[in-house]
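**Q** Take a look at the following structure, please.
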2 protein chains.
Amino acid sequence: MPIFGIVHQSYIMTLKQLAKELNLSFSTVSKALRDSHEISIETKNRVLAKAKALNYQVNPLASSLRKQKSKTIAVVIPEVVNDFFGPVINGIESIAQEKEYHVLIYLTHEDMQKEVAITKLLQNGRVDGIMMSLSEQTSTTTHLKALQEKGIPLVFFDRIAEDINAPKVTTDDYNCGIKATEHLLENGCKRIAFLTIAPNLSISNKRMNGYLDALKKHNIEPDERLILSCTGDDAKNNELILQLLGNSKRPDGVFASVEKLAISTYAICAELNLNIPEDLKVICFSNMQTAAFLNPSLSTITQPAYEMGREAAAILFDLVEKKGKQPRVEKMVLNSILVARNSTKVILFRKP
Amino acid sequence: MPIFGIVHQSYIMTLKQLAKELNLSFSTVSKALRDSHEISIETKNRVLAKAKALNYQVNPLASSLRKQKSKTIAVVIPEVVNDFFGPVINGIESIAQEKEYHVLIYLTHEDMQKEVAITKLLQNGRVDGIMMSLSEQTSTTTHLKALQEKGIPLVFFDRIAEDINAPKVTTDDYNCGIKATEHLLENGCKRIAFLTIAPNLSISNKRMNGYLDALKKHNIEPDERLILSCTGDDAKNNELILQLLGNSKRPDGVFASVEKLAISTYAICAELNLNIPEDLKVICFSNMQTAAFLNPSLSTITQPAYEMGREAAAILFDLVEKKGKQPRVEKMVLNSILVARNSTKVILFRKP
DNA sequence: TTTATTTGCGACAACGTTGTAGGAACTATC
DNA sequence: GATAGTTCCTACAACGTTGTCGCAAATAAA
């Protein structure tokens with residue numbers, strides 16, 4: 001308690017203080033602020049004016065505690081440095097802002113232990129709902145079931161948990177796996193390699209199944225040596241790709257299920273003096289904004305990331321707001337698009 | 001109240017229920033959980049065991065309300081689809097996870113009105129501190145002062161508010177403005193254009209001053225027609241750049257203060273059949289991961305985004321945890337690095 | 001034995017809201 | 001002029017914690 005000097009205190013207005021200023025009970029003030037029919041118009045106006053003058057804001061913690069809802073959702077994703085999750089967050093945030101919700105963000109860094117730890121933090125009223133895209137490593141789902149047992153609405157997007165009964169927003173990964181493979185076949189590839197990561201990820205499987213089924217459809221026997229299962233270790237991945245492409249029986253097409261493996265392929269082709277698309281055609285799943293400016297421009301399958309974020313968020317808010325009811329949508333599949341660029345271009349005449 | 005059937009309720013454990021199960025008062029249980037010296041070891045163990053068995057988690061809302069701190073910070077940024085803010089968030093989150101804080105994210109979409117609205121939401125206990133990078137449009141700072149008056153710790157990074165007395169983490173924009181300009185000069189450019197956005201942004205000014213001072217140092221008279229002030233409207237920007245480059249007195253070097261203007265430049269050069277770096281050299285501020293794979297590879301000034309996030313967050317937590325004291329750091333300037341690539345390469349012999 | 005001191009626990013009042021119950025002071029009904 | 005119905009406000013008990021205070025019982029000191 002300072003005795004001398006002016007106390008410049010950060011004055012946080014509360015309902016009680018506001019009530020005292022107005023000579024009203026604080027329940028009257030509370031109701032007036034929430035436009036209750038129990039309060040006369042004169043009083044309401046008086047309260048509103050004073051609240052504005054004193055810059056009163058309700059305390060969200062107290063309000064949330066009392067109402068048992070936090071007006072907050074959590075977004076749990078592997079990474080944020082990524083052309084896919086960026087727009088997804090954008091989509092989520094756009095709906096959240098409309099609905100006046102707040103967005104907590106948690107990154108798993110592709111680490112299942114972190115994912116588990118994060119879900120623990122979300123179990124007790126901190127959030128009204130959760131949106132998730134699983135980490136590469138995630139193999140068990142007890143931590144996800146725990147969330148459901150607590151009755152917290154949950155929506156998955158892109159990297160979903162098949163065995164959890166919750167709404168899921170995905171893209172047509174299987175179809176795109178087929179489309180990408182057929183695109184390479186149509187442009188003359190005979191030996192197509194498939195580069196993938198995280199075998200327990202739903203999207204990896206679907207994309208690979210598309211690849212395999214496309215080959216089958218065109219009567220091509222899949223070659224195990226052309227299927228590369230990469231990891232989080234970039235150096236190791238590069239070595240694997242180097243082995244694949246340095247080989248005399250190297251592929252003439254590469255279908256990368258994730259962007260970073262395509263970029264590695266570009267780098268290694270430069271090293272090996274392989275020309276894209278002459279010696280090797282490359283296509284991959286990617287939301288990179290500068291794919292068109294790469295050398296050569298990169299053919300991609302692009303996911304509607306922003307829309308996925310929006311749709312998934314919309315489903316979540318729907319679920320949050322009529323708690324316990326059935327979700328509006330059980331499964332939503334959005335379409336990705338294949339954008340053919342120079343990395344898969346047909347070369348009619350070879351340069352001398 | 002259902003009479004028949006099994007009620008599968010989402011059972012949320014509270015302190016009171018836990019206490020009842022243990023035949024202890026809830027204040028005893030509360031203290032036991034927080035390892036108070038007032039509680040015997042036997043009781044503590046009993047409580048801890050039961051809490052684990054029943055999967056008790058403290059209610060963060062109640063706890064925050066009582067303790068008057070939310071263990072949450074807000075990150076207010078213009079965009080998330082961006083190679084700069086992505087790593088920044090990553091850096092922030094890494095520290096937040098260490099310190100067991102939660103991170104709320106808010107996007108202004110370069111809109112000052114949204115920025116103002118967001119700051120209003122953060123005024124009453126929702127967060128213990130705020131990290132901000134201003135929107136392009138932000139011209140007044142009363143909304144920022146309001147935060148400070150409420151006593152909420154605030155740290156700026158990259159796009160700072162010069163007139164607000166709060167810690168600021170930036171990069172050496174002025175120096176880099178000089179370095180980039182000199183790099184172009186050294187590589188033979190005579191007429192260097194400067195492409196910028198958002199004139200009221202601190203970083204824009206500093207970068208431009210670097211550009212101007214570098215010209216002055218080399219006795220070159222700045223040409224107003226070579227300074228392009230772009231906006232948020234991409235189509236309009238493209239037109240401006242087209243005018244600049246379509247002109248007979250076009251520049252032979254472009255220094256873009258933001259990445260997107262460099263990308264536009266690439267696109268327009270393609271349109272006009274201008275060769276980079278032969279006809280025009282290009283350099284820009286950018287954290288693009290694929291700059292090396294562009295056609296041609298793009299020379300950049302790259303900011304240490306992740307480190308900025310970490311440093312700014314560390315300063316904020318420092319401030320949050322010893323509230324009211326002086327900040328540890330008033331101003332921190334990290335160094336960006338210039339990476340020269342082919343877009344600014346010297347061409348000794350022109351192709352026929 | 002009497003008087004301090006420690007140990008271990010419980011009661012209780014916050015934190016800032018919201019919603020229910022209650023109750024004056026009016027106005028309308030018969 | 002008693003009864004019923006509005007209107008407008010206040011009191012109070014939650015929501016789930018945390019921290020202060022008080023108080024028995026056990027231990028130590030005199």
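Residues are named by chain letter and number: chains run A, B, ... in the order of the structure tokens, numbers start at 1 in each chain, and ligands are numbered from 1 in the order shown.
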May I have the residues within 10 Å of stretch 21-30 of chain D as a PyMOL selection string, using only C-alpha atoms (C1' of nucleotides) and disregarding those fewer than 4 positions away in the same chain?

**A** chain C and resi 2-12

**Q** When DSSP works through the backbone of this structure, what residues of stretch 93-315 of chain A end up as strand (DSSP E), shown as a PDB file with C-alpha atoms, in the first residue's frame?

**A**
ATOM      1  CA  HIS A 102     -11.564 -17.933 -29.585  1.00  0.00           C
ATOM      2  CA  VAL A 103      -8.957 -20.243 -31.059  1.00  0.00           C
ATOM      3  CA  LEU A 104      -6.235 -21.962 -29.086  1.00  0.00           C
ATOM      4  CA  ILE A 105      -3.479 -23.480 -31.137  1.00  0.00           C
ATOM      5  CA  TYR A 106      -1.382 -26.506 -30.230  1.00  0.00           C
ATOM      6  CA  LEU A 107       1.398 -28.067 -32.279  1.00  0.00           C
ATOM      7  CA  GLY A 129     -14.595 -28.332 -28.850  1.00  0.00           C
ATOM      8  CA  ILE A 130     -11.501 -29.585 -30.607  1.00  0.00           C
ATOM      9  CA  MET A 131     -10.305 -29.823 -34.204  1.00  0.00           C
ATOM     10  CA  MET A 132      -7.522 -32.221 -34.919  1.00  0.00           C
ATOM     11  CA  LEU A 154     -14.265 -33.408 -31.713  1.00  0.00           C
ATOM     12  CA  VAL A 155     -13.827 -33.004 -35.464  1.00  0.00           C
ATOM     13  CA  PHE A 156     -11.012 -34.446 -37.536  1.00  0.00           C
ATOM     14  CA  PHE A 157      -9.679 -33.053 -40.754  1.00  0.00           C
ATOM     15  CA  LYS A 168     -14.265 -36.125 -40.449  1.00  0.00           C
ATOM     16  CA  VAL A 169     -13.406 -33.700 -43.215  1.00  0.00           C
ATOM     17  CA  THR A 170     -11.036 -35.058 -45.825  1.00  0.00           C
ATOM     18  CA  THR A 171     -10.163 -34.728 -49.450  1.00  0.00           C
ATOM     19  CA  ILE A 192       6.577 -44.727 -61.446  1.00  0.00           C
ATOM     20  CA  ALA A 193       7.966 -44.422 -57.948  1.00  0.00           C
ATOM     21  CA  PHE A 194       5.787 -43.581 -54.973  1.00  0.00           C
ATOM     22  CA  LEU A 195       7.333 -41.559 -52.157  1.00  0.00           C
ATOM     23  CA  THR A 196       5.473 -41.533 -48.895  1.00  0.00           C
ATOM     24  CA  ILE A 197       5.812 -40.895 -45.185  1.00  0.00           C
ATOM     25  CA  ILE A 227       7.875 -47.548 -53.141  1.00  0.00           C
ATOM     26  CA  LEU A 228       9.857 -45.430 -50.712  1.00  0.00           C
ATOM     27  CA  SER A 229       8.707 -45.154 -47.133  1.00  0.00           C
ATOM     28  CA  CYS A 230      10.376 -42.028 -45.834  1.00  0.00           C
ATOM     29  CA  GLY A 253       8.279 -40.778 -62.809  1.00  0.00           C
ATOM     30  CA  VAL A 254       7.958 -39.801 -59.178  1.00  0.00           C
ATOM     31  CA  PHE A 255       4.710 -39.367 -57.330  1.00  0.00           C
ATOM     32  CA  ALA A 256       5.400 -37.810 -53.943  1.00  0.00           C
ATOM     33  CA  LYS A 281       8.585 -36.504 -64.252  1.00  0.00           C
ATOM     34  CA  VAL A 282       7.482 -35.326 -60.843  1.00  0.00           C
ATOM     35  CA  ILE A 283       4.102 -34.716 -59.300  1.00  0.00           C
ATOM     36  CA  CYS A 284       3.107 -34.312 -55.672  1.00  0.00           C
ATOM     37  CA  PHE A 285       0.471 -33.300 -53.203  1.00  0.00           C
ATOM     38  CA  SER A 299       2.693 -30.302 -61.162  1.00  0.00           C
ATOM     39  CA  THR A 300       0.618 -30.631 -58.027  1.00  0.00           C
ATOM     40  CA  ILE A 301      -2.491 -32.011 -56.500  1.00  0.00           C
ATOM     41  CA  THR A 302      -3.772 -29.139 -54.446  1.00  0.00           C
TER      42      THR A 302
END

**Q** Output as number ranges by chain all residues of stretch 85-320 of chain B that backbone DSSP marks as helix (DSSP H, G or I).

**A** B: 85-99, 112-121, 142-149, 173-186, 202-217, 224-226, 234-246, 259-272, 291-293, 305-320

**Q** Take the residues from that selection and write them out as an mmCIF file, in the first residue's frame, keeping C-alpha atoms.

**A**
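The result, written out as selection.cif:
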data_model
loop_
_atom_site.group_PDB
_atom_site.id
_atom_site.type_symbol
_atom_site.label_atom_id
_atom_site.label_comp_id
_atom_site.auth_asym_id
_atom_site.auth_seq_id
_atom_site.Cartn_x
_atom_site.Cartn_y
_atom_site.Cartn_z
ATOM 1 C CA PHE B 85 4.575 -15.793 -39.450
ATOM 2 C CA GLY B 86 4.521 -19.578 -39.595
ATOM 3 C CA PRO B 87 7.974 -20.032 -38.088
ATOM 4 C CA VAL B 88 7.293 -17.171 -35.697
ATOM 5 C CA ILE B 89 4.312 -19.029 -34.282
ATOM 6 C CA ASN B 90 6.476 -22.087 -34.080
ATOM 7 C CA GLY B 91 9.015 -20.207 -32.013
ATOM 8 C CA ILE B 92 6.385 -18.738 -29.757
ATOM 9 C CA GLU B 93 4.717 -22.069 -29.262
ATOM 10 C CA SER B 94 7.971 -23.778 -28.389
ATOM 11 C CA ILE B 95 8.524 -21.439 -25.462
ATOM 12 C CA ALA B 96 4.888 -21.506 -24.470
ATOM 13 C CA GLN B 97 4.977 -25.284 -24.291
ATOM 14 C CA GLU B 98 8.080 -25.183 -22.123
ATOM 15 C CA LYS B 99 6.472 -22.695 -19.765
ATOM 16 C CA MET B 112 -7.073 -2.184 -38.452
ATOM 17 C CA GLN B 113 -10.719 -2.424 -37.422
ATOM 18 C CA LYS B 114 -10.254 -6.106 -36.712
ATOM 19 C CA GLU B 115 -7.098 -5.361 -34.797
ATOM 20 C CA VAL B 116 -9.003 -2.917 -32.626
ATOM 21 C CA ALA B 117 -11.837 -5.389 -32.078
ATOM 22 C CA ILE B 118 -9.393 -8.103 -31.104
ATOM 23 C CA THR B 119 -7.607 -5.940 -28.573
ATOM 24 C CA LYS B 120 -10.992 -5.259 -26.961
ATOM 25 C CA LEU B 121 -11.486 -8.984 -26.459
ATOM 26 C CA THR B 142 -5.099 4.204 -28.945
ATOM 27 C CA HIS B 143 -6.220 0.585 -28.893
ATOM 28 C CA LEU B 144 -2.705 -0.429 -27.959
ATOM 29 C CA LYS B 145 -2.478 2.177 -25.249
ATOM 30 C CA ALA B 146 -5.756 0.883 -23.835
ATOM 31 C CA LEU B 147 -4.130 -2.507 -23.372
ATOM 32 C CA GLN B 148 -1.234 -0.958 -21.561
ATOM 33 C CA GLU B 149 -3.520 1.027 -19.305
ATOM 34 C CA ASP B 173 15.682 -3.783 -41.640
ATOM 35 C CA TYR B 174 17.550 -0.578 -42.343
ATOM 36 C CA ASN B 175 20.882 -2.333 -42.726
ATOM 37 C CA CYS B 176 19.338 -4.985 -44.898
ATOM 38 C CA GLY B 177 17.796 -2.290 -47.043
ATOM 39 C CA ILE B 178 21.307 -1.007 -47.593
ATOM 40 C CA LYS B 179 22.790 -4.444 -48.119
ATOM 41 C CA ALA B 180 20.192 -5.491 -50.674
ATOM 42 C CA THR B 181 20.559 -2.275 -52.625
ATOM 43 C CA GLU B 182 24.337 -2.470 -52.589
ATOM 44 C CA HIS B 183 24.172 -6.078 -53.672
ATOM 45 C CA LEU B 184 22.249 -5.013 -56.759
ATOM 46 C CA LEU B 185 24.618 -2.120 -57.385
ATOM 47 C CA GLU B 186 27.648 -4.339 -57.060
ATOM 48 C CA SER B 202 7.771 0.586 -39.431
ATOM 49 C CA ILE B 203 9.525 -2.092 -41.441
ATOM 50 C CA SER B 204 8.599 -0.513 -44.773
ATOM 51 C CA ASN B 205 10.082 2.779 -43.762
ATOM 52 C CA LYS B 206 13.286 1.326 -42.479
ATOM 53 C CA ARG B 207 13.788 -0.807 -45.546
ATOM 54 C CA MET B 208 13.126 2.130 -47.817
ATOM 55 C CA ASN B 209 15.472 4.377 -45.878
ATOM 56 C CA GLY B 210 18.143 1.747 -46.302
ATOM 57 C CA TYR B 211 17.478 1.747 -50.029
ATOM 58 C CA LEU B 212 17.597 5.528 -50.261
ATOM 59 C CA ASP B 213 20.719 5.875 -48.163
ATOM 60 C CA ALA B 214 22.515 3.205 -50.159
ATOM 61 C CA LEU B 215 21.742 5.109 -53.350
ATOM 62 C CA LYS B 216 22.923 8.340 -51.807
ATOM 63 C CA LYS B 217 26.110 6.694 -50.614
ATOM 64 C CA GLU B 224 10.511 8.740 -57.678
ATOM 65 C CA ARG B 225 9.141 6.814 -60.604
ATOM 66 C CA LEU B 226 11.143 3.816 -59.457
ATOM 67 C CA ASP B 234 -2.941 -7.783 -56.111
ATOM 68 C CA ALA B 235 -4.484 -6.958 -59.470
ATOM 69 C CA LYS B 236 -3.680 -3.292 -59.050
ATOM 70 C CA ASN B 237 -0.162 -4.095 -57.926
ATOM 71 C CA ASN B 238 0.370 -6.204 -61.020
ATOM 72 C CA GLU B 239 -0.732 -3.319 -63.176
ATOM 73 C CA LEU B 240 1.673 -0.963 -61.448
ATOM 74 C CA ILE B 241 4.524 -3.396 -61.904
ATOM 75 C CA LEU B 242 3.557 -3.950 -65.511
ATOM 76 C CA GLN B 243 3.741 -0.209 -66.104
ATOM 77 C CA LEU B 244 7.087 -0.037 -64.416
ATOM 78 C CA LEU B 245 8.612 -2.886 -66.387
ATOM 79 C CA GLY B 246 6.840 -2.326 -69.687
ATOM 80 C CA GLU B 259 7.900 -11.499 -51.109
ATOM 81 C CA LYS B 260 4.617 -11.270 -52.934
ATOM 82 C CA LEU B 261 5.787 -8.285 -54.924
ATOM 83 C CA ALA B 262 8.811 -10.267 -56.080
ATOM 84 C CA ILE B 263 6.557 -13.108 -57.169
ATOM 85 C CA SER B 264 4.412 -10.653 -59.098
ATOM 86 C CA THR B 265 7.580 -9.351 -60.691
ATOM 87 C CA TYR B 266 8.483 -12.874 -61.782
ATOM 88 C CA ALA B 267 5.049 -13.351 -63.311
ATOM 89 C CA ILE B 268 5.177 -10.078 -65.179
ATOM 90 C CA CYS B 269 8.663 -10.712 -66.466
ATOM 91 C CA ALA B 270 7.360 -13.946 -67.915
ATOM 92 C CA GLU B 271 4.576 -12.001 -69.582
ATOM 93 C CA LEU B 272 6.911 -9.368 -70.976
ATOM 94 C CA ALA B 291 13.449 -19.771 -53.007
ATOM 95 C CA ALA B 292 16.358 -21.896 -54.202
ATOM 96 C CA PHE B 293 14.108 -23.858 -56.536
ATOM 97 C CA ALA B 305 11.592 -15.842 -37.958
ATOM 98 C CA TYR B 306 11.699 -18.753 -35.547
ATOM 99 C CA GLU B 307 14.228 -17.016 -33.326
ATOM 100 C CA MET B 308 12.192 -13.839 -33.373
ATOM 101 C CA GLY B 309 9.204 -15.782 -32.128
ATOM 102 C CA ARG B 310 11.242 -17.409 -29.409
ATOM 103 C CA GLU B 311 12.941 -14.224 -28.268
ATOM 104 C CA ALA B 312 9.773 -12.184 -28.260
ATOM 105 C CA ALA B 313 7.923 -14.894 -26.353
ATOM 106 C CA ALA B 314 10.748 -15.204 -23.835
ATOM 107 C CA ILE B 315 10.618 -11.469 -23.198
ATOM 108 C CA LEU B 316 6.869 -11.601 -22.804
ATOM 109 C CA PHE B 317 6.928 -14.462 -20.308
ATOM 110 C CA ASP B 318 9.602 -12.684 -18.387
ATOM 111 C CA LEU B 319 7.361 -9.666 -18.193
ATOM 112 C CA VAL B 320 4.277 -11.690 -17.322
#

**Q** Residues of chain A within 12 Å of chain C, counting only C-alpha atoms (C1' of nucleotides) - could you list those as an MDAnalysis selection string?

**A** chainID A and resid 12:18 26:31 33:34 36 57:68

**Q** Kindly export the residues of the current selection with N, CA and C atoms, as a PDB file, in the first residue's frame.

**A**
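Below you can see again19.pdb, which holds the result:
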ATOM      1  N   ILE A  12      -9.169  -2.488 -13.305  1.00  0.00           N
ATOM      2  CA  ILE A  12     -10.035  -3.401 -14.041  1.00  0.00           C
ATOM      3  C   ILE A  12     -11.435  -3.337 -13.467  1.00  0.00           C
ATOM      4  N   MET A  13     -12.348  -2.874 -14.297  1.00  0.00           N
ATOM      5  CA  MET A  13     -13.732  -2.692 -13.907  1.00  0.00           C
ATOM      6  C   MET A  13     -14.410  -4.050 -13.708  1.00  0.00           C
ATOM      7  N   THR A  14     -15.085  -4.203 -12.622  1.00  0.00           N
ATOM      8  CA  THR A  14     -15.897  -5.405 -12.461  1.00  0.00           C
ATOM      9  C   THR A  14     -17.361  -5.004 -12.326  1.00  0.00           C
ATOM     10  N   LEU A  15     -18.186  -6.010 -12.407  1.00  0.00           N
ATOM     11  CA  LEU A  15     -19.623  -5.808 -12.291  1.00  0.00           C
ATOM     12  C   LEU A  15     -19.961  -5.125 -10.965  1.00  0.00           C
ATOM     13  N   LYS A  16     -19.322  -5.580  -9.929  1.00  0.00           N
ATOM     14  CA  LYS A  16     -19.610  -5.034  -8.600  1.00  0.00           C
ATOM     15  C   LYS A  16     -19.285  -3.552  -8.514  1.00  0.00           C
ATOM     16  N   GLN A  17     -18.125  -3.193  -9.050  1.00  0.00           N
ATOM     17  CA  GLN A  17     -17.740  -1.787  -9.010  1.00  0.00           C
ATOM     18  C   GLN A  17     -18.686  -0.936  -9.845  1.00  0.00           C
ATOM     19  N   LEU A  18     -19.042  -1.492 -10.984  1.00  0.00           N
ATOM     20  CA  LEU A  18     -19.962  -0.783 -11.861  1.00  0.00           C
ATOM     21  C   LEU A  18     -21.295  -0.572 -11.142  1.00  0.00           C
ATOM     22  N   PHE A  26     -25.683  -5.666  -8.159  1.00  0.00           N
ATOM     23  CA  PHE A  26     -24.908  -6.128  -9.305  1.00  0.00           C
ATOM     24  C   PHE A  26     -25.682  -7.110 -10.160  1.00  0.00           C
ATOM     25  N   SER A  27     -26.698  -7.740  -9.596  1.00  0.00           N
ATOM     26  CA  SER A  27     -27.476  -8.615 -10.482  1.00  0.00           C
ATOM     27  C   SER A  27     -28.316  -7.793 -11.460  1.00  0.00           C
ATOM     28  N   THR A  28     -28.772  -6.653 -10.996  1.00  0.00           N
ATOM     29  CA  THR A  28     -29.506  -5.764 -11.906  1.00  0.00           C
ATOM     30  C   THR A  28     -28.602  -5.329 -13.058  1.00  0.00           C
ATOM     31  N   VAL A  29     -27.401  -4.962 -12.701  1.00  0.00           N
ATOM     32  CA  VAL A  29     -26.466  -4.506 -13.726  1.00  0.00           C
ATOM     33  C   VAL A  29     -26.168  -5.632 -14.714  1.00  0.00           C
ATOM     34  N   SER A  30     -25.948  -6.811 -14.167  1.00  0.00           N
ATOM     35  CA  SER A  30     -25.664  -7.960 -15.019  1.00  0.00           C
ATOM     36  C   SER A  30     -26.782  -8.177 -16.019  1.00  0.00           C
ATOM     37  N   LYS A  31     -28.011  -8.140 -15.509  1.00  0.00           N
ATOM     38  CA  LYS A  31     -29.156  -8.357 -16.398  1.00  0.00           C
ATOM     39  C   LYS A  31     -29.315  -7.227 -17.403  1.00  0.00           C
ATOM     40  N   LEU A  33     -27.054  -5.466 -18.712  1.00  0.00           N
ATOM     41  CA  LEU A  33     -26.041  -5.602 -19.749  1.00  0.00           C
ATOM     42  C   LEU A  33     -26.419  -6.696 -20.741  1.00  0.00           C
ATOM     43  N   ARG A  34     -27.138  -7.699 -20.246  1.00  0.00           N
ATOM     44  CA  ARG A  34     -27.532  -8.768 -21.159  1.00  0.00           C
ATOM     45  C   ARG A  34     -28.953  -8.565 -21.669  1.00  0.00           C
ATOM     46  N   SER A  36     -31.923  -8.032 -20.357  1.00  0.00           N
ATOM     47  CA  SER A  36     -33.004  -8.846 -19.811  1.00  0.00           C
ATOM     48  C   SER A  36     -34.314  -8.062 -19.793  1.00  0.00           C
ATOM     49  N   GLN A  57     -15.809  -4.459 -19.382  1.00  0.00           N
ATOM     50  CA  GLN A  57     -15.891  -5.667 -20.210  1.00  0.00           C
ATOM     51  C   GLN A  57     -16.144  -6.837 -19.269  1.00  0.00           C
ATOM     52  N   VAL A  58     -17.002  -7.753 -19.663  1.00  0.00           N
ATOM     53  CA  VAL A  58     -17.223  -8.875 -18.749  1.00  0.00           C
ATOM     54  C   VAL A  58     -15.943  -9.689 -18.650  1.00  0.00           C
ATOM     55  N   ASN A  59     -15.755 -10.266 -17.511  1.00  0.00           N
ATOM     56  CA  ASN A  59     -14.613 -11.146 -17.297  1.00  0.00           C
ATOM     57  C   ASN A  59     -14.938 -12.505 -17.895  1.00  0.00           C
ATOM     58  N   PRO A  60     -14.206 -12.870 -18.964  1.00  0.00           N
ATOM     59  CA  PRO A  60     -14.561 -14.099 -19.665  1.00  0.00           C
ATOM     60  C   PRO A  60     -14.355 -15.355 -18.813  1.00  0.00           C
ATOM     61  N   LEU A  61     -13.385 -15.290 -17.906  1.00  0.00           N
ATOM     62  CA  LEU A  61     -13.132 -16.451 -17.056  1.00  0.00           C
ATOM     63  C   LEU A  61     -14.332 -16.723 -16.153  1.00  0.00           C
ATOM     64  N   ALA A  62     -14.773 -15.675 -15.491  1.00  0.00           N
ATOM     65  CA  ALA A  62     -15.902 -15.818 -14.577  1.00  0.00           C
ATOM     66  C   ALA A  62     -17.159 -16.226 -15.335  1.00  0.00           C
ATOM     67  N   SER A  63     -17.360 -15.575 -16.443  1.00  0.00           N
ATOM     68  CA  SER A  63     -18.544 -15.865 -17.240  1.00  0.00           C
ATOM     69  C   SER A  63     -18.528 -17.309 -17.741  1.00  0.00           C
ATOM     70  N   SER A  64     -17.370 -17.727 -18.228  1.00  0.00           N
ATOM     71  CA  SER A  64     -17.250 -19.093 -18.732  1.00  0.00           C
ATOM     72  C   SER A  64     -17.469 -20.115 -17.630  1.00  0.00           C
ATOM     73  N   LEU A  65     -16.908 -19.819 -16.488  1.00  0.00           N
ATOM     74  CA  LEU A  65     -17.040 -20.743 -15.356  1.00  0.00           C
ATOM     75  C   LEU A  65     -18.509 -20.898 -14.988  1.00  0.00           C
ATOM     76  N   ARG A  66     -19.168 -19.800 -14.904  1.00  0.00           N
ATOM     77  CA  ARG A  66     -20.571 -19.823 -14.529  1.00  0.00           C
ATOM     78  C   ARG A  66     -21.431 -20.514 -15.592  1.00  0.00           C
ATOM     79  N   LYS A  67     -21.189 -20.156 -16.833  1.00  0.00           N
ATOM     80  CA  LYS A  67     -22.028 -20.704 -17.906  1.00  0.00           C
ATOM     81  C   LYS A  67     -21.578 -22.081 -18.368  1.00  0.00           C
ATOM     82  N   GLN A  68     -20.450 -22.485 -17.891  1.00  0.00           N
ATOM     83  CA  GLN A  68     -19.892 -23.776 -18.266  1.00  0.00           C
ATOM     84  C   GLN A  68     -19.656 -23.908 -19.764  1.00  0.00           C
TER      85      GLN A  68
END

**Q** Give me, as a ChimeraX atom specification, the residues of chain D touching chain B, with the criterion being at most 10 Å (counting only C-alpha atoms (C1' of nucleotides)).

**A** /D:15-19

**Q** Please dump the current selection as a compact mmCIF listing (two decimals), in the first residue's frame; keep N, CA and C atoms (P, O5', C5', C4', C3', O3' and C1' of nucleotides).

**A**
# COMPACT_ATOMS: atom_id res chain seq x y z
P DC D 15 -22.68 -26.03 -8.45
O5' DC D 15 -21.69 -25.55 -9.60
C5' DC D 15 -22.12 -25.00 -10.82
C4' DC D 15 -20.95 -24.27 -11.43
C3' DC D 15 -19.60 -24.80 -10.97
O3' DC D 15 -19.18 -25.81 -11.88
C1' DC D 15 -19.67 -22.39 -11.07
P DG D 16 -18.70 -27.23 -11.33
O5' DG D 16 -17.22 -26.90 -10.88
C5' DG D 16 -16.26 -26.59 -11.86
C4' DG D 16 -15.02 -26.09 -11.19
C3' DG D 16 -14.42 -27.07 -10.17
O3' DG D 16 -13.05 -27.18 -10.46
C1' DG D 16 -14.65 -24.94 -9.22
P DT D 17 -12.08 -28.19 -9.78
O5' DT D 17 -10.82 -27.24 -9.57
C5' DT D 17 -10.57 -26.68 -8.32
C4' DT D 17 -10.14 -25.26 -8.49
C3' DT D 17 -9.08 -24.87 -7.49
O3' DT D 17 -7.85 -24.78 -8.17
C1' DT D 17 -10.94 -23.35 -7.43
P DT D 18 -6.54 -24.95 -7.34
O5' DT D 18 -6.53 -23.63 -6.43
C5' DT D 18 -6.27 -22.38 -7.03
C4' DT D 18 -6.18 -21.32 -5.96
C3' DT D 18 -5.12 -21.60 -4.90
O3' DT D 18 -4.41 -20.39 -4.72
C1' DT D 18 -7.22 -21.27 -3.86
P DG D 19 -3.02 -20.39 -3.97
O5' DG D 19 -3.40 -19.63 -2.61
C5' DG D 19 -3.98 -18.34 -2.70
C4' DG D 19 -4.45 -17.92 -1.33
C3' DG D 19 -3.44 -18.20 -0.21
O3' DG D 19 -3.52 -17.13 0.72
C1' DG D 19 -5.45 -19.29 0.27
